[in-house]
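Student: You'll find model_10.cif just under this line, and it carries mmCIF, C-alpha atoms.
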```
data_coords
#
loop_
_atom_site.label_atom_id
_atom_site.label_comp_id
_atom_site.auth_asym_id
_atom_site.auth_seq_id
_atom_site.Cartn_x
_atom_site.Cartn_y
_atom_site.Cartn_z
CA MET X 1 175.59 175.78 54.01
CA SER X 2 176.93 179.28 53.25
CA LYS X 3 178.68 181.46 55.80
CA LYS X 4 176.01 184.12 55.38
CA LEU X 5 173.26 181.64 56.25
CA LEU X 6 175.20 180.37 59.25
CA LEU X 7 175.68 183.92 60.54
CA GLY X 8 171.99 184.61 60.00
CA LEU X 9 170.96 181.51 61.95
CA LEU X 10 173.37 182.43 64.74
CA LEU X 11 171.85 185.90 64.91
CA VAL X 12 168.32 184.45 65.15
CA VAL X 13 169.46 182.16 67.99
CA ILE X 14 170.99 185.14 69.83
CA ILE X 15 167.79 187.17 69.42
CA VAL X 16 165.63 184.34 70.78
CA PHE X 17 168.06 183.70 73.64
CA LEU X 18 168.14 187.37 74.69
CA ALA X 19 164.37 187.70 74.45
CA LEU X 20 163.77 184.61 76.59
CA ASN X 21 166.44 185.27 79.20
CA PHE X 22 166.58 189.05 79.56
CA GLY X 23 163.21 190.35 78.41
CA GLN X 24 161.72 189.48 81.82
CA TYR X 25 164.09 191.92 83.55
CA LEU X 26 163.15 194.86 81.33
CA THR X 27 159.92 195.64 83.17
CA LEU X 28 158.68 198.85 84.74
CA GLU X 29 158.58 197.28 88.21
CA ASN X 30 162.19 196.12 88.02
CA ALA X 31 163.29 199.49 86.66
CA LYS X 32 161.72 201.32 89.58
CA ALA X 33 163.28 198.86 92.03
CA GLN X 34 166.78 199.47 90.64
CA GLN X 35 166.43 203.22 90.17
CA ALA X 36 167.98 204.34 93.48
CA ALA X 37 171.05 202.09 93.14
CA LEU X 38 171.56 203.08 89.52
CA SER X 39 171.23 206.79 90.31
CA GLU X 40 173.93 206.53 92.95
CA TYR X 41 176.26 204.77 90.52
CA ILE X 42 175.59 207.37 87.82
CA ASP X 43 176.42 210.22 90.21
CA GLN X 44 179.85 208.66 90.82
CA ASN X 45 180.56 207.33 87.29
CA PHE X 46 178.58 209.48 84.89
CA VAL X 47 180.60 208.96 81.69
CA ALA X 48 180.94 205.20 82.17
CA ALA X 49 177.25 204.89 83.01
CA ALA X 50 176.19 206.96 79.99
CA LEU X 51 178.36 204.90 77.63
CA THR X 52 177.10 201.64 79.15
CA TYR X 53 173.49 202.76 78.71
CA PHE X 54 174.21 203.93 75.15
CA PHE X 55 175.74 200.66 73.96
CA ALA X 56 173.22 198.54 75.88
CA TYR X 57 170.41 200.44 74.15
CA ILE X 58 172.04 199.83 70.75
CA ALA X 59 172.21 196.10 71.52
CA ILE X 60 168.60 195.94 72.75
CA THR X 61 167.38 197.66 69.57
CA ALA X 62 169.66 195.75 67.20
CA PHE X 63 168.65 192.36 68.63
CA SER X 64 164.97 193.35 69.03
CA VAL X 65 164.93 192.45 72.73
CA PRO X 66 161.51 193.21 74.30
CA GLY X 67 161.54 196.08 76.78
CA ALA X 68 163.04 199.00 74.84
CA ALA X 69 160.19 201.26 75.98
CA VAL X 70 160.98 200.53 79.63
CA VAL X 71 164.69 201.17 79.05
CA THR X 72 163.74 204.50 77.44
CA LEU X 73 161.64 205.54 80.44
CA LEU X 74 164.40 204.46 82.82
CA GLY X 75 166.99 206.45 80.88
CA ALA X 76 164.96 209.63 81.35
CA ALA X 77 164.54 208.91 85.06
CA LEU X 78 168.28 208.35 85.51
CA PHE X 79 169.92 210.87 83.18
CA GLY X 80 167.30 213.59 82.84
CA PHE X 81 165.51 214.66 79.69
CA TRP X 82 168.20 216.27 77.54
CA THR X 83 171.01 213.80 78.23
CA SER X 84 168.71 210.82 77.70
CA LEU X 85 167.33 212.40 74.50
CA LEU X 86 170.86 212.59 73.10
CA LEU X 87 171.70 209.02 74.17
CA VAL X 88 168.43 207.36 73.15
CA SER X 89 167.99 209.23 69.87
CA PHE X 90 171.34 208.13 68.47
CA ALA X 91 171.44 204.70 70.13
CA SER X 92 167.98 203.73 68.89
CA THR X 93 168.77 204.82 65.33
CA ILE X 94 172.12 203.03 65.28
CA GLY X 95 170.49 199.88 66.68
CA ALA X 96 167.66 200.11 64.18
CA THR X 97 170.17 200.47 61.34
CA LEU X 98 172.13 197.42 62.53
CA ALA X 99 168.87 195.42 62.57
CA PHE X 100 168.12 196.78 59.09
CA LEU X 101 171.56 195.66 57.83
CA SER X 102 171.27 192.23 59.45
CA SER X 103 167.95 191.73 57.68
CA ARG X 104 169.38 192.87 54.35
CA PHE X 105 172.55 190.79 54.41
CA LEU X 106 172.02 187.93 56.87
CA LEU X 107 168.35 187.29 57.70
CA ARG X 108 166.68 187.89 54.33
CA ASP X 109 165.24 184.36 53.96
CA TRP X 110 164.12 184.15 57.61
CA VAL X 111 162.44 187.58 57.59
CA GLN X 112 160.80 186.80 54.25
CA SER X 113 159.37 183.52 55.56
CA LYS X 114 158.13 185.05 58.83
CA PHE X 115 156.87 188.44 57.71
CA GLY X 116 156.74 188.25 53.93
CA GLY X 117 153.00 188.88 53.91
CA LYS X 118 153.55 192.38 55.31
CA LEU X 119 156.38 193.13 52.89
CA ASP X 120 154.03 193.93 50.01
CA THR X 121 152.52 196.79 52.02
CA ILE X 122 155.97 198.15 52.87
CA ASN X 123 157.22 197.83 49.27
CA LYS X 124 154.18 199.62 47.84
CA GLY X 125 154.60 202.42 50.36
CA VAL X 126 158.31 202.80 49.60
CA GLU X 127 157.67 202.78 45.84
CA LYS X 128 154.93 205.39 46.12
CA ASP X 129 156.30 207.80 48.72
CA GLY X 130 159.92 206.77 49.32
CA ALA X 131 161.54 208.25 52.41
CA PHE X 132 158.29 210.02 53.34
CA TYR X 133 156.65 206.62 53.84
CA LEU X 134 159.41 205.52 56.22
CA PHE X 135 159.13 208.85 58.03
CA SER X 136 155.39 208.31 58.51
CA LEU X 137 156.00 204.78 59.82
CA ARG X 138 158.44 206.16 62.37
CA LEU X 139 156.00 208.83 63.50
CA ILE X 140 152.95 206.55 63.44
CA PRO X 141 154.12 202.97 64.09
CA VAL X 142 151.57 200.92 62.11
CA PHE X 143 153.99 198.04 62.61
CA PRO X 144 156.25 197.52 65.67
CA PHE X 145 159.62 199.24 65.22
CA PHE X 146 161.54 195.96 65.21
CA LEU X 147 159.38 194.76 62.32
CA ILE X 148 159.95 197.98 60.40
CA ASN X 149 163.71 197.51 60.83
CA LEU X 150 163.59 193.95 59.50
CA LEU X 151 161.19 194.56 56.62
CA MET X 152 162.92 197.73 55.46
CA GLY X 153 166.09 195.71 55.08
CA LEU X 154 164.37 193.83 52.26
CA THR X 155 163.54 197.01 50.34
CA PRO X 156 165.92 198.93 48.04
CA ILE X 157 166.09 202.01 50.33
CA HIS X 158 169.67 203.31 50.77
CA VAL X 159 171.31 202.78 54.16
CA ALA X 160 172.21 206.46 54.67
CA ARG X 161 168.67 207.58 53.82
CA TYR X 162 167.24 204.94 56.15
CA TYR X 163 169.43 206.18 59.00
CA LEU X 164 168.69 209.88 58.52
CA VAL X 165 164.94 209.44 58.08
CA SER X 166 164.79 207.13 61.12
CA GLN X 167 166.81 209.61 63.19
CA LEU X 168 164.36 212.40 62.39
CA GLY X 169 161.19 210.31 62.39
CA MET X 170 161.77 208.68 65.77
CA LEU X 171 162.87 211.89 67.51
CA PRO X 172 159.40 213.29 68.39
CA GLY X 173 158.15 209.98 69.78
CA THR X 174 161.39 209.51 71.71
CA ALA X 175 160.99 212.95 73.26
CA VAL X 176 157.42 212.14 74.34
CA TYR X 177 158.53 208.88 75.96
CA LEU X 178 161.43 210.53 77.74
CA ASN X 179 159.21 213.31 79.04
CA ALA X 180 156.97 210.64 80.53
CA GLY X 181 160.05 208.96 81.98
CA THR X 182 161.16 212.09 83.80
CA GLN X 183 157.74 212.23 85.45
CA LEU X 184 157.92 208.55 86.29
CA ALA X 185 161.05 209.24 88.33
CA ASN X 186 159.04 211.58 90.54
CA ILE X 187 156.40 208.99 91.48
CA ASP X 188 157.21 207.80 95.01
CA SER X 189 153.69 206.78 96.03
CA LEU X 190 150.31 205.96 94.50
CA SER X 191 149.15 209.54 95.08
CA GLY X 192 151.90 210.74 92.75
CA ILE X 193 150.28 208.95 89.82
CA VAL X 194 147.32 211.34 89.80
CA SER X 195 149.37 214.58 89.85
CA PRO X 196 148.50 216.89 86.94
CA THR X 197 152.05 216.83 85.51
CA VAL X 198 152.26 213.04 85.47
CA LEU X 199 148.77 212.67 84.01
CA ALA X 200 149.52 215.26 81.32
CA SER X 201 152.77 213.50 80.34
CA PHE X 202 151.16 210.09 80.00
CA ALA X 203 148.14 211.57 78.21
CA LEU X 204 150.56 213.05 75.67
CA LEU X 205 152.19 209.63 75.36
CA GLY X 206 148.84 208.09 74.46
CA LEU X 207 147.69 210.93 72.20
CA PHE X 208 150.93 211.36 70.27
CA PRO X 209 150.21 208.68 67.61
CA LEU X 210 146.78 210.23 66.95
CA ILE X 211 148.23 213.75 66.71
CA ALA X 212 151.05 212.56 64.44
CA LYS X 213 148.57 210.69 62.23
CA TRP X 214 146.42 213.82 61.88
CA ILE X 215 149.44 215.98 60.98
CA MET X 216 150.72 213.46 58.45
CA ALA X 217 147.27 213.20 56.85
CA LYS X 218 147.09 216.99 56.52
CA PHE X 219 150.59 217.10 55.04
CA SER X 220 149.94 214.31 52.54
CA ARG X 221 146.77 216.07 51.32
CA ALA X 222 148.47 219.44 50.93
CA PRO X 223 148.72 220.58 47.28
CA GLN X 224 152.16 220.07 45.78
CA VAL X 225 153.97 223.12 44.40
CA GLN X 226 154.76 222.75 40.74
CA GLU X 227 158.35 223.58 39.84
#
```
Please express the file's structure as structure tokens.

Tutor:
Amino acid sequence: MSKKLLLGLLLVVIIVFLALNFGQYLTLENAKAQQAALSEYIDQNFVAAALTYFFAYIAITAFSVPGAAVVTLLGAALFGFWTSLLLVSFASTIGATLAFLSSRFLLRDWVQSKFGGKLDTINKGVEKDGAFYLFSLRLIPVFPFFLINLLMGLTPIHVARYYLVSQLGMLPGTAVYLNAGTQLANIDSLSGIVSPTVLASFALLGLFPLIAKWIMAKFSRAPQVQE
């Protein structure tokens, strides 16, 4: 058995272990319960807390641990919008790129056997529209992000292009999630859920994929300028 295959199997075991043992803690209820204690720690140890959150987010994304959305919302509640946008935007892209690389070099056979049926769709999209197709997938997640990371690793797209397009494509959705997270931090009772600001933030969260899909459709139908 080759070293590459052994490393790939070890990575799969780690992913399953993390999902089974830690996914249950990454829930909205648990995040709200820990918010006060975490906020106090952050006030006293801001740099250490920010770095811990940053690298934890990379690990969660790289190993496809369920609960990244909750961690995103919690980050906004704890660090505020702009700081969390900086942390989450780069951490999520780095984690996604690590998952992409693990698929390309370590998990190719496993990903192919599990999700090979969806690979044809991805390959056709990449061949037809290249980076624009990846950008559209990031804006309008037809497939879950973890699946995009794994399947893209099996395509010929260059690593640097994958990183840059993912960084830009995930930014709008990340901003929408974080905006919702900042409002979540202000909910101290059930009556807070129906405040106009909170309702508007979560309405935007639900409408964003539809708005992005409409914009992308308009852009793709726009006439191309001949050089």

Student: Using the chain letters and residue numbers of this document, give as a short mmCIF file (atom, residue, chain, number, x, y, z; two decimals) with C-alpha atoms, keeping the file's coordinate frame the residues selected by the PyMOL selection byres ((chain X and resi 114-119) around 10).

Tutor:
```cif
data_model
loop_
_atom_site.label_atom_id
_atom_site.label_comp_id
_atom_site.auth_asym_id
_atom_site.auth_seq_id
_atom_site.Cartn_x
_atom_site.Cartn_y
_atom_site.Cartn_z
CA ARG X 108 166.68 187.89 54.33
CA ASP X 109 165.24 184.36 53.96
CA TRP X 110 164.12 184.15 57.61
CA VAL X 111 162.44 187.58 57.59
CA GLN X 112 160.80 186.80 54.25
CA SER X 113 159.37 183.52 55.56
CA ASP X 120 154.03 193.93 50.01
CA THR X 121 152.52 196.79 52.02
CA ILE X 122 155.97 198.15 52.87
CA ASN X 123 157.22 197.83 49.27
CA LYS X 124 154.18 199.62 47.84
CA GLY X 125 154.60 202.42 50.36
CA PHE X 143 153.99 198.04 62.61
CA LEU X 147 159.38 194.76 62.32
CA ILE X 148 159.95 197.98 60.40
CA LEU X 150 163.59 193.95 59.50
CA LEU X 151 161.19 194.56 56.62
CA MET X 152 162.92 197.73 55.46
CA LEU X 154 164.37 193.83 52.26
CA THR X 155 163.54 197.01 50.34
#
```

Student: Could you tell me how far CA of Leu86 in chain X sits from CA of Leu38 in chain X, in Å to one decimal place?

Tutor: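 Separating CA of Leu38 in chain X from CA of Leu86 in chain X is a distance of 19.0 Å.
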
Student: Go through X:Ile157, X:Leu139, X:Met170, X:Ala48 one by one, measure the shortest atom-to-atom distance of each to Trp214 in chain X using all atoms listed in the file, and give the residue with the smallest value.

Tutor: X:Leu139

Student: Mind pulling up the distance from CA of Phe146 in chain X to CA of Ala68 in chain X?

Tutor: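 Computed distance, CA of Ala68 in chain X to CA of Phe146 in chain X, equals 10.2 Å.
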
Student: With distances taken over all atoms listed in the file, which of X:Ala69, X:Val88, X:Leu78, X:Leu178 is nearest to Phe145 in chain X?

Tutor: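 Closest candidate: X:Ala69.
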
Student: Would you compute the distance between CA of Phe63 in chain X and CA of Gly95 in chain X? Give it in Å to one decimal.

Tutor: 8.0 Å

Student: Ser136 in chain X: which residues within 9 Å, counting all atoms listed in the file, same-chain residues fewer than 2 positions away excluded, as an MDAnalysis selection string?

Tutor: chainID X and resid 131:134 138:141 169 212:213 216

Student: Could those selected residues go to a file with C-alpha atoms, as a CSV table (one decimal), keeping the file's coordinate frame?

Tutor:
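Listed below is the output, out.csv:
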```csv
chain,number,residue,atom,x,y,z
X,131,ALA,CA,161.5,208.2,52.4
X,132,PHE,CA,158.3,210.0,53.3
X,133,TYR,CA,156.6,206.6,53.8
X,134,LEU,CA,159.4,205.5,56.2
X,138,ARG,CA,158.4,206.2,62.4
X,139,LEU,CA,156.0,208.8,63.5
X,140,ILE,CA,153.0,206.6,63.4
X,141,PRO,CA,154.1,203.0,64.1
X,169,GLY,CA,161.2,210.3,62.4
X,212,ALA,CA,151.0,212.6,64.4
X,213,LYS,CA,148.6,210.7,62.2
X,216,MET,CA,150.7,213.5,58.4
```

Student: Quick one: of X:Ala59, X:Val47, X:Leu101, X:Leu137, who's nearest to Thr83 in chain X, counting all atoms listed in the file?

Tutor: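 Going through X:Ala59, X:Val47, X:Leu101, X:Leu137 one by one, the smallest distance to Thr83 in chain X is for X:Val47.
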
Student: Which residues fall under the PyMOL selection byres ((chain X and resi 96) around 8) in this file, as a short mmCIF file (atom, residue, chain, number, x, y, z; two decimals) with C-alpha atoms, in the coordinates of the input?

Tutor:
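What follows is the written file out31.cif:
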```
data_model
loop_
_atom_site.label_atom_id
_atom_site.label_comp_id
_atom_site.auth_asym_id
_atom_site.auth_seq_id
_atom_site.Cartn_x
_atom_site.Cartn_y
_atom_site.Cartn_z
CA ILE X 58 172.04 199.83 70.75
CA THR X 61 167.38 197.66 69.57
CA ALA X 62 169.66 195.75 67.20
CA SER X 92 167.98 203.73 68.89
CA THR X 93 168.77 204.82 65.33
CA ILE X 94 172.12 203.03 65.28
CA GLY X 95 170.49 199.88 66.68
CA THR X 97 170.17 200.47 61.34
CA LEU X 98 172.13 197.42 62.53
CA ALA X 99 168.87 195.42 62.57
CA PHE X 100 168.12 196.78 59.09
CA PHE X 146 161.54 195.96 65.21
CA ASN X 149 163.71 197.51 60.83
#
```

Student: When the PyMOL selection byres ((chain X and resi 81) around 9) is applied to the file above, which residues end up in the set, as a PyMOL selection string?

Tutor: chain X and resi 75-77+79-80+82-86+175+178-179+181-182

Student: Choose the residue, out of X:Val70, X:Ala91, X:Tyr163, X:Tyr177, that has the smallest atom-to-atom separation from Ala50 in chain X; count only C-alpha atoms.

Tutor: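 Checking each of X:Val70, X:Ala91, X:Tyr163, X:Tyr177 against Ala50 in chain X, counting only C-alpha atoms, the winner is X:Ala91.
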
Student: Go through X:Asp43, X:Tyr57, X:Thr52, X:His158 one by one, measure the shortest atom-to-atom distance of each to Val71 in chain X using all atoms listed in the file, and give the residue with the smallest value.

Tutor: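 Of all the options, X:Tyr57 lies closest to Val71 in chain X.
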